[in-house]
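Below is one structure, written out as structure tokens, with a few remarks after it.
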Amino acid sequence: LDIEQDDQVKTKLFVALGWACSSAVSSNSPPAKVSPEMKQVRTQTLKWAEKFLFDKNSTEKAQIGASVIEKLLRRDGLEDAEEQKYLDLLLSRYEELKANPGGALRGELLGAMAGLCTQSSACRDQAIKRYKPLFTEALRDASDSVRETAVDGLYNINKADALAVLRKGHVNDSSLAIRKKIIKMAGEVLVEPDLDWLVDKIGVNSESEPAWQAMSGIFNRSGVDTLSGWVDRLTASTSKVKLTNEQKIAFLKTAESKAESEKKAQMLGQVRERLAAIYRGMSQFDKAAEYWQKLEAAAKTPGDKDAAMVRRLDIYLSWPKPDLAAKLLGEALSARDLDRESTLLKSLEEHLVK
């Protein structure tokens with residue numbers, strides 16, 4: 001580096017040196033075992049990184065300088081003063097660029113700062129102290145790349161806190177990358193307040209499936225009262241939420257399990273009716289009949305029991321499974337006589353007329 005004259009070769013040498021130093025001082029080589037020679041090379045590399053970082057004529061060099069600083073500061077073994085110096089240099093270079101309308105280099109610098117805030121970073125605490133306010137401020141930046149990297153920085157610090165900030169004003173950010181990052185966070189944090197905005201993402205191109213996966217994770221962790229409030233919103237025939245039948249079934253199965261375990265009979269009946277209706281609409285007659293049979297067994301009044309039997313008979317006749325329909329009628333006749341006003345006979349008559 002000291003003697004090379006070709007600028008492109010010098011840049012590539014520096015990149016290679018940065019990787020070599022990072023590898024040599026890896027987590028598998030405790031700092032105490034790093035030789036004095038290696039420490040000297042690392043110090044020299046950081047000095048070169050400072051030159052590259054503040055190069056005013058090349059955005060690429062500045063980006064490379066920031067990247068090498070990040071690589072070396074993430075490793076342990078630096079003196080506190082040296083560590084703080086280079087943390088501040090990244091901050092200083094970023095501040096120089098605030099008036100610059102272009103966001104590419106600022107985004108790269110924020111990316112280096114975000115990397116230093118990860119759990120694996122040796123200078124995580126000091127980096128968070130310096131950079132967290134910067135990430136929060138950068139969320140208002142006009143550049144997509146700057147805002148996207150600011151989201152990464154806040155995520156690396158604390159994803160639950162980051163989500164609390166982002167859900168207030170960025171779930172509909174103009175950047176698709178940011179919207180996807182926030183959905184991803186919601187799928188990891190799994191708290192109920194996110195259901196209200198996640199549901200608006202259902203049916204929205206590439207955001208729909210990850211949003212639904214996040215909602216499913218939240219539902220799995222939620223209590224029965226929360227799920228009860230979403231049964232109509234997601235599965236009623238008038239629902240405007242564009243769920244597939246498979247998604248509706250998955251949700252209702254979760255709700256059924258929780259209602260059954262907590263002995264919520266009214267909710268359980270509602271959920272099973274919805275499941276029966278969906279299976280009926282999908283021509284999965286066996287599953288629809290199974291649910292009406294469960295509803296019949298759980299019926300509290302003769303009227304409810306008869307209504308469930310009529311629905312099951314309708315399914316057998318539509319399937320068609322005349323043997324099962326005959327068996328059901330036989331069971332009904334063994335229990336009581338059926339007169340002309342019987343709902344079962346009326347259902348049978350309607351099918352025969354058709």
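Note on naming: chains are A, B, ... as they come in the structure tokens, residues start from 1 per chain, ligands start from 1 in the order shown.
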Worksheet item: If we count only C-alpha atoms, what is near His170 of chain A at a cut-off of 9 Å, once residues fewer than 3 positions away on the same chain are taken out, given as a PyMOL selection string?
Response: chain A and resi 139+165-167+173-174+178-179+182
Worksheet item: Excluding same-chain residues fewer than 4 positions from Lys71 of chain A, what lies within 12 Å of it counting only C-alpha atoms, as a VMD selection string?
Response: chain A and resid 15 17 to 26 42 45 to 46 49 64 to 67 75 to 76 86 111 to 116 120 to 123
Fill in: Asn172 of chain A surroundings by only C-alpha atoms, 12 Å radius, close-in-sequence under 4 positions cut, as number ranges by chain
A: 166-168, 176-183, 197-198, 200-201, 204, 207
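For the pair atom CA of Ser145 of chain A and atom CA of Lys51 of chain A, the interatomic distance is 24.3 Å.
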Fill in: Selection near Thr254 of chain A, 9 Å with only C-alpha atoms, sequence-local residues under 3 positions removed, as a ChimeraX atom specification
/A:216,219-220,227,249-251,257-259
Item to complete: Go through A:Gln126, A:Phe14, A:Gly153, A:Gln247 and flag the residue nearest Ala81 of chain A, using only C-alpha atoms for the distances.
Response: A:Gln126
Practice prompt. Give me the residues within 9 Å of segment 316-320 of chain A as a list in words, counting only C-alpha atoms and dropping any in the same chain fewer than 6 places off.
Written response: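 The residues satisfying every condition are Ser283, Gln284, Phe285, Asp286, Ala289, Leu348 and His351 of chain A.
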Discussion item. As a ChimeraX atom specification, please: the residues near Ala104 of chain A (cut-off 9 Å, only C-alpha atoms, same-chain neighbours under 2 positions excluded).
Written reply: /A:59,102,106-109,143,145-146
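Shortest separation to Ala255 of chain A among A:Tyr279, A:Leu295, A:Trp230, A:Gly187 occurs at residue A:Trp230, atoms counted being only C-alpha atoms.
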Item to complete: Rounded to one decimal place, report the atom CA of Arg147 of chain A-atom CA of Lys129 of chain A distance in Å.
Response: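 We find that atom CA of Arg147 of chain A and atom CA of Lys129 of chain A lie 19.2 Å from each other.
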Discussion item. Just the number, please: distance in Å from atom CA of Ala236 of chain A to atom CA of Ala288 of chain A, one decimal.
Written reply: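 If I compute the distance from atom CA of Ala236 of chain A to atom CA of Ala288 of chain A, I get 16.7 Å.
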Discussion item. Taking 5 positions as the minimum chain separation for residues in the same chain, which residues sit within 10 Å of Lys287 of chain A when counting only C-alpha atoms? Answer as an NGL selection string.
Written reply: :A and (275-280 or 292-293)
Discussion item. So that I can check the secondary structure, give me every residue of segment 60-136 of chain A assigned alpha helix (DSSP H) by backbone DSSP, as a VMD selection string.
Written reply: chain A and resid 60 to 74 80 to 96 104 to 115 124 to 136
